[in-house]
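Coordinates from query33.tsv are shown below (TSV, C-alpha atoms).
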chain	number	residue	atom	x	y	z
A	1	MET	CA	0.00	0.00	0.00
A	2	LYS	CA	1.23	3.46	-0.91
A	3	PRO	CA	1.94	5.40	2.30
A	4	PHE	CA	0.05	8.65	2.91
A	5	LYS	CA	0.98	11.56	5.15
A	6	GLY	CA	-1.84	12.51	7.42
A	7	GLN	CA	-3.89	11.78	10.49
A	8	TYR	CA	-7.29	10.26	11.15
A	9	LEU	CA	-9.59	11.15	14.05
A	10	GLY	CA	-10.27	8.44	16.62
A	11	ALA	CA	-14.01	9.19	16.65
A	12	ALA	CA	-14.23	8.05	13.02
A	13	LEU	CA	-11.88	5.12	13.55
A	14	ARG	CA	-14.07	3.84	16.40
A	15	SER	CA	-16.73	3.07	13.80
A	16	PHE	CA	-14.94	-0.23	13.21
A	17	VAL	CA	-15.18	-1.07	16.92
A	18	ARG	CA	-18.92	-0.26	16.92
A	19	ALA	CA	-19.59	-2.25	13.76
A	20	LEU	CA	-17.77	-5.32	15.09
A	21	GLN	CA	-18.99	-5.08	18.69
A	22	GLN	CA	-20.26	-8.68	18.53
A	23	SER	CA	-16.70	-9.82	17.77
A	24	GLU	CA	-14.67	-8.43	20.66
A	25	ALA	CA	-11.84	-10.92	20.17
A	26	VAL	CA	-11.46	-9.87	16.52
A	27	VAL	CA	-11.44	-6.19	17.47
A	28	ARG	CA	-8.81	-6.77	20.17
A	29	GLN	CA	-6.64	-8.76	17.74
A	30	ILE	CA	-6.84	-6.11	15.01
A	31	LEU	CA	-5.99	-3.37	17.52
A	32	ARG	CA	-3.11	-5.40	18.94
A	33	ASN	CA	-1.75	-6.10	15.45
A	34	HIS	CA	-1.67	-2.33	14.89
A	35	GLY	CA	0.07	-1.58	18.20
A	36	LEU	CA	-3.06	-0.26	19.90
A	37	GLU	CA	-5.00	-1.28	22.98
A	38	ARG	CA	-8.02	0.89	22.28
A	39	ILE	CA	-9.19	3.83	20.18
A	40	ASP	CA	-9.49	7.20	21.92
A	41	GLU	CA	-12.17	9.25	20.14
A	42	ASP	CA	-10.34	12.54	20.77
A	43	GLN	CA	-6.93	11.35	19.57
A	44	TRP	CA	-5.53	11.65	16.06
A	45	TYR	CA	-3.99	8.47	14.61
A	46	ASP	CA	-1.56	7.98	11.76
A	47	LEU	CA	-3.53	7.84	8.51
A	48	ASN	CA	-1.70	4.69	7.39
A	49	THR	CA	-2.65	2.91	10.62
A	50	ALA	CA	-6.32	3.79	10.07
A	51	ARG	CA	-6.15	2.63	6.44
A	52	SER	CA	-4.48	-0.60	7.49
A	53	ILE	CA	-7.16	-1.25	10.09
A	54	TYR	CA	-9.91	-0.82	7.51
A	55	TYR	CA	-8.15	-3.01	4.96
A	56	THR	CA	-7.56	-5.62	7.67
A	57	VAL	CA	-11.27	-5.64	8.53
A	58	GLY	CA	-12.06	-6.20	4.85
A	59	ALA	CA	-9.50	-8.99	4.48
A	60	GLN	CA	-10.11	-10.82	7.75
A	61	VAL	CA	-13.79	-10.24	8.45
A	62	GLY	CA	-15.07	-9.52	4.94
A	63	GLU	CA	-16.23	-6.69	2.73
A	64	ARG	CA	-19.76	-6.90	4.12
A	65	SER	CA	-18.38	-6.11	7.58
A	66	LEU	CA	-16.27	-3.27	6.17
A	67	HIS	CA	-19.41	-1.91	4.51
A	68	GLY	CA	-21.06	-2.13	7.94
A	69	VAL	CA	-18.21	-0.05	9.39
A	70	GLY	CA	-19.02	2.62	6.81
A	71	LEU	CA	-22.71	2.51	7.69
A	72	GLN	CA	-21.73	3.38	11.29
A	73	MET	CA	-19.71	6.42	10.23
A	74	ILE	CA	-22.54	8.99	10.29
A	75	GLY	CA	-23.09	8.17	13.95
A	76	ALA	CA	-19.40	7.99	14.83
A	77	ALA	CA	-17.53	10.65	12.85
A	78	GLN	CA	-17.78	14.41	13.01
A	79	PHE	CA	-20.11	16.12	10.53
A	80	PRO	CA	-20.80	19.82	9.98
A	81	PRO	CA	-23.85	21.21	11.81
A	82	GLY	CA	-27.18	21.88	10.14
A	83	ILE	CA	-27.50	18.74	8.03
A	84	ASP	CA	-31.19	18.01	7.71
A	85	ASP	CA	-31.76	16.37	4.33
A	86	ILE	CA	-30.08	14.11	1.80
A	87	LYS	CA	-28.78	16.95	-0.38
A	88	ALA	CA	-27.16	18.61	2.63
A	89	VAL	CA	-25.48	15.39	3.77
A	90	LEU	CA	-24.18	14.60	0.27
A	91	THR	CA	-22.87	18.15	-0.09
A	92	SER	CA	-21.21	17.95	3.32
A	93	LEU	CA	-19.30	14.70	2.73
A	94	ASP	CA	-16.01	16.40	1.81
A	95	ALA	CA	-16.23	18.82	4.76
A	96	ALA	CA	-16.99	15.88	7.08
A	97	TYR	CA	-14.07	13.95	5.59
A	98	ARG	CA	-11.75	16.88	6.33
A	99	MET	CA	-13.05	17.11	9.90
A	100	ASN	CA	-11.96	13.49	10.41
A	101	CYS	CA	-8.89	13.24	8.18
A	102	ARG	CA	-6.14	15.81	7.87
A	103	GLY	CA	-2.89	16.12	6.01
A	104	PRO	CA	-1.47	16.79	2.56
A	105	GLU	CA	-2.85	14.89	-0.41
A	106	ILE	CA	-5.58	13.05	1.53
A	107	GLY	CA	-7.90	13.17	-1.46
A	108	ALA	CA	-11.43	14.49	-1.62
A	109	ILE	CA	-15.10	13.61	-1.92
A	110	THR	CA	-17.07	15.46	-4.56
A	111	CYS	CA	-20.80	15.59	-5.17
A	112	GLU	CA	-22.59	16.75	-8.29
A	113	PHE	CA	-26.38	16.79	-8.53
A	114	GLU	CA	-27.78	15.57	-11.81
A	115	GLY	CA	-31.43	16.21	-10.97
A	116	ASP	CA	-33.78	16.77	-8.07
A	117	HIS	CA	-33.32	13.20	-6.84
A	118	THR	CA	-29.98	12.06	-8.29
A	119	ALA	CA	-26.34	12.77	-7.60
A	120	VAL	CA	-22.90	11.49	-8.51
A	121	VAL	CA	-20.53	11.21	-5.56
A	122	VAL	CA	-16.85	10.52	-6.15
A	123	PHE	CA	-14.61	9.21	-3.37
A	124	ALA	CA	-10.97	9.92	-4.24
A	125	THR	CA	-9.71	8.95	-0.78
A	126	PRO	CA	-7.12	6.42	0.42
A	127	PHE	CA	-9.75	4.06	1.85
A	128	PRO	CA	-11.28	0.83	0.52
A	129	CYS	CA	-14.35	0.87	-1.71
A	130	ALA	CA	-16.61	-1.06	0.69
A	131	LEU	CA	-15.95	1.50	3.42
A	132	SER	CA	-16.76	4.42	1.11
A	133	ARG	CA	-19.89	2.69	-0.17
A	134	GLY	CA	-21.01	2.08	3.42
A	135	ILE	CA	-20.38	5.68	4.43
A	136	LEU	CA	-22.36	6.93	1.46
A	137	GLN	CA	-25.20	4.50	2.02
A	138	GLY	CA	-25.42	5.24	5.75
A	139	CYS	CA	-25.49	8.98	5.13
A	140	ALA	CA	-28.02	8.80	2.31
A	141	LYS	CA	-30.38	6.39	4.06
A	142	LYS	CA	-30.46	8.52	7.20
A	143	PHE	CA	-32.38	11.14	5.23
A	144	ALA	CA	-33.94	9.08	2.42
A	145	ALA	CA	-34.76	5.52	3.45
A	146	ASP	CA	-35.31	4.48	-0.17
A	147	ALA	CA	-31.96	5.82	-1.43
A	148	LEU	CA	-30.27	3.58	-4.00
A	149	ILE	CA	-26.47	3.60	-4.25
A	150	GLU	CA	-24.82	2.11	-7.35
A	151	HIS	CA	-21.09	1.87	-8.03
A	152	GLY	CA	-20.14	3.38	-11.37
A	153	HIS	CA	-18.46	1.31	-14.07
A	154	ASP	CA	-15.49	3.62	-14.55
A	155	GLY	CA	-12.94	2.51	-11.97
A	156	CYS	CA	-12.58	1.38	-8.39
A	157	ILE	CA	-10.03	2.19	-5.71
A	158	ASP	CA	-9.77	-1.51	-4.88
A	159	ARG	CA	-8.50	-2.17	-8.44
A	160	GLY	CA	-5.88	0.57	-8.17
A	161	ASP	CA	-7.91	3.33	-9.80
A	162	PRO	CA	-7.78	6.84	-8.29
A	163	ASN	CA	-11.42	6.89	-7.18
A	164	CYS	CA	-14.80	5.22	-6.86
A	165	CYS	CA	-17.79	6.89	-8.46
A	166	PHE	CA	-21.26	6.27	-7.01
A	167	HIS	CA	-24.67	7.13	-8.42
A	168	VAL	CA	-27.23	8.05	-5.77
A	169	ASP	CA	-30.96	8.03	-6.47
A	170	TRP	CA	-33.68	8.83	-3.92

Could you write out this structure as structure tokens?
Amino acid sequence: MKPFKGQYLGAALRSFVRALQQSEAVVRQILRNHGLERIDEDQWYDLNTARSIYYTVGAQVGERSLHGVGLQMIGAAQFPPGIDDIKAVLTSLDAAYRMNCRGPEIGAITCEFEGDHTAVVVFATPFPCALSRGILQGCAKKFAADALIEHGHDGCIDRGDPNCCFHVDW
């Protein structure tokens, strides 16, 4: 994995602990393998450690579990105030990302609305696809229970491409 310079907020990283709360032994082992005993929500962690934890969850527990970690993110990570609908949450994804991840060249999340009920969201971040898909789905479904998230056909971070493109309909 290409190393990145940056830090990742413990509040966001704890989403993996919340998502895997039924598997305490797995959580303890993953933390131990990364030189940690626990995650402090107020502490900043090395970005590469956070990435490695997420990739480890995907490899050892499965992509479905990593997707579940992403679903937990809206309740775990920091988000800007005043988000009260799906358009606001989609628009705020990059700001929320920057509240939880800091450093040079950490990537970005962009959102472009194609209509009243459709958007294209691009995750150009150093994290696995299943995590990004889960984050997007958790955020969208909080405000539009019937939101449909589809991965675009033009690239995927997990295949070495620079980003994952998602189509959101609600």

Task: Pairwise distance for CA of Ser23 (chain A) and CA of Tyr55 (chain A), rounded to one decimal in Å - done: 16.8 Å

Which polymer residues have any atom within 8 Å of an atom of region 117-126 of chain A, counting only C-alpha atoms, with same-chain residues fewer than 4 positions away left out, as a compact mmCIF listing (two decimals) with C-alpha atoms, keeping the file's coordinate frame?
# COMPACT_ATOMS: atom_id res chain seq x y z
CA PHE A 4 0.05 8.65 2.91
CA ARG A 51 -6.15 2.63 6.44
CA LEU A 90 -24.18 14.60 0.27
CA ILE A 106 -5.58 13.05 1.53
CA GLY A 107 -7.90 13.17 -1.46
CA ALA A 108 -11.43 14.49 -1.62
CA ILE A 109 -15.10 13.61 -1.92
CA THR A 110 -17.07 15.46 -4.56
CA CYS A 111 -20.80 15.59 -5.17
CA GLU A 112 -22.59 16.75 -8.29
CA PHE A 113 -26.38 16.79 -8.53
CA SER A 132 -16.76 4.42 1.11
CA ILE A 157 -10.03 2.19 -5.71
CA PRO A 162 -7.78 6.84 -8.29
CA ASN A 163 -11.42 6.89 -7.18
CA CYS A 164 -14.80 5.22 -6.86
CA CYS A 165 -17.79 6.89 -8.46
CA PHE A 166 -21.26 6.27 -7.01
CA HIS A 167 -24.67 7.13 -8.42
CA VAL A 168 -27.23 8.05 -5.77
CA ASP A 169 -30.96 8.03 -6.47
CA TRP A 170 -33.68 8.83 -3.92

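Every protein, DNA or RNA residue with an atom at most 12 Å from Arg32 (chain A), where all atoms listed in the file count and chain neighbours fewer than 6 positions away do not, is listed here: Ala25, Val26, Arg38, Ile39, Thr49 and Ile53 of chain A.
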
Task: Straight-line distance linking CA of Leu148 (chain A) with CA of Arg133 (chain A), stated in Å to one decimal - done: 11.1 Å

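Note that CA of Pro80 (chain A) and CA of Leu93 (chain A) are 9.0 Å apart.
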
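Minimum atom-to-atom distances from A:Phe16, A:Tyr97, A:Asp154, A:Gly115 to Gly58 (chain A) were compared using only C-alpha atoms, and the lowest value belongs to A:Phe16.
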
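Among the candidate residues A:Ala144, A:Met99, A:Cys139, A:Ile83, the one lying nearest to Gly10 (chain A) is A:Met99, with distances computed using all atoms listed in the file.
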
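With only C-alpha atoms as the atoms that count, the minimum distance from Gly62 (chain A) to the choices A:Ala140, A:Ala130, A:Ala12, A:Ile149 is reached by A:Ala130.
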
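With distances restricted to all atoms listed in the file, A:Lys87 is the closest residue to Ala147 (chain A) from A:Asp40, A:Lys87, A:Ala19, A:Thr56.
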
Task: Residues within 10 Å of (-16.8, 0.8, 6.9), file coords, only C-alpha atoms, listed as a PyMOL selection string - done: chain A and resi 12-13+15-16+19+54-55+57-58+63-73+127-136+138

Working from the structure I just supplied, which lacks atoms in region 83-94 of chain A, can you model all heavy atoms there and output them as a tab-separated table (two decimals), in the coordinates of the input?
chain	number	residue	atom	x	y	z
A	83	ILE	N	-27.15	19.70	9.08
A	83	ILE	CA	-27.50	18.74	8.03
A	83	ILE	C	-28.88	18.18	8.35
A	83	ILE	O	-29.08	17.55	9.39
A	83	ILE	CB	-26.45	17.62	7.95
A	83	ILE	CG1	-25.10	18.20	7.56
A	83	ILE	CG2	-26.89	16.55	6.96
A	83	ILE	CD1	-23.96	17.22	7.64
A	84	ASP	N	-29.83	18.43	7.43
A	84	ASP	CA	-31.19	18.01	7.71
A	84	ASP	C	-31.90	17.33	6.54
A	84	ASP	O	-33.08	17.04	6.61
A	84	ASP	CB	-32.03	19.17	8.22
A	84	ASP	CG	-32.04	20.34	7.25
A	84	ASP	OD1	-31.47	20.22	6.14
A	84	ASP	OD2	-32.61	21.39	7.60
A	85	ASP	N	-31.16	17.10	5.45
A	85	ASP	CA	-31.76	16.37	4.33
A	85	ASP	C	-30.66	15.70	3.52
A	85	ASP	O	-29.46	15.91	3.77
A	85	ASP	CB	-32.65	17.27	3.47
A	85	ASP	CG	-31.90	18.38	2.75
A	85	ASP	OD1	-30.67	18.29	2.55
A	85	ASP	OD2	-32.56	19.35	2.34
A	86	ILE	N	-31.06	14.90	2.55
A	86	ILE	CA	-30.08	14.11	1.80
A	86	ILE	C	-29.15	15.00	0.98
A	86	ILE	O	-27.95	14.74	0.90
A	86	ILE	CB	-30.76	13.03	0.93
A	86	ILE	CG1	-29.68	12.11	0.33
A	86	ILE	CG2	-31.66	13.64	-0.12
A	86	ILE	CD1	-30.20	10.84	-0.28
A	87	LYS	N	-29.65	16.08	0.40
A	87	LYS	CA	-28.78	16.95	-0.38
A	87	LYS	C	-27.72	17.59	0.51
A	87	LYS	O	-26.56	17.71	0.12
A	87	LYS	CB	-29.59	18.02	-1.12
A	87	LYS	CG	-30.35	17.46	-2.31
A	87	LYS	CD	-31.02	18.55	-3.10
A	87	LYS	CE	-31.68	17.97	-4.34
A	87	LYS	NZ	-32.27	19.01	-5.17
A	88	ALA	N	-28.12	17.99	1.70
A	88	ALA	CA	-27.16	18.61	2.63
A	88	ALA	C	-26.09	17.60	3.05
A	88	ALA	O	-24.91	17.95	3.13
A	88	ALA	CB	-27.89	19.17	3.84
A	89	VAL	N	-26.48	16.37	3.33
A	89	VAL	CA	-25.48	15.39	3.77
A	89	VAL	C	-24.54	15.03	2.63
A	89	VAL	O	-23.33	14.90	2.83
A	89	VAL	CB	-26.12	14.14	4.42
A	89	VAL	CG1	-26.68	13.16	3.39
A	89	VAL	CG2	-25.11	13.41	5.31
A	90	LEU	N	-25.06	14.91	1.41
A	90	LEU	CA	-24.18	14.60	0.27
A	90	LEU	C	-23.22	15.75	0.01
A	90	LEU	O	-22.04	15.53	-0.26
A	90	LEU	CB	-25.02	14.29	-0.97
A	90	LEU	CG	-25.87	13.02	-0.90
A	90	LEU	CD1	-26.71	12.87	-2.17
A	90	LEU	CD2	-25.01	11.78	-0.66
A	91	THR	N	-23.71	16.97	0.11
A	91	THR	CA	-22.87	18.15	-0.09
A	91	THR	C	-21.81	18.27	1.00
A	91	THR	O	-20.72	18.78	0.76
A	91	THR	CB	-23.74	19.43	-0.13
A	91	THR	OG1	-24.71	19.28	-1.16
A	91	THR	CG2	-22.92	20.66	-0.41
A	92	SER	N	-22.12	17.80	2.19
A	92	SER	CA	-21.21	17.95	3.32
A	92	SER	C	-20.15	16.85	3.43
A	92	SER	O	-19.30	16.91	4.31
A	92	SER	CB	-22.00	17.99	4.63
A	92	SER	OG	-22.43	16.68	4.98
A	93	LEU	N	-20.21	15.84	2.58
A	93	LEU	CA	-19.30	14.70	2.73
A	93	LEU	C	-17.82	15.10	2.73
A	93	LEU	O	-17.03	14.59	3.53
A	93	LEU	CB	-19.57	13.64	1.67
A	93	LEU	CG	-20.82	12.80	1.90
A	93	LEU	CD1	-21.12	11.94	0.68
A	93	LEU	CD2	-20.67	11.94	3.15
A	94	ASP	N	-17.42	16.00	1.84
A	94	ASP	CA	-16.01	16.40	1.81
A	94	ASP	C	-15.64	17.17	3.07
A	94	ASP	O	-14.57	16.94	3.65
A	94	ASP	CB	-15.68	17.22	0.57
A	94	ASP	CG	-14.18	17.41	0.42
A	94	ASP	OD1	-13.47	16.39	0.23
A	94	ASP	OD2	-13.70	18.56	0.53
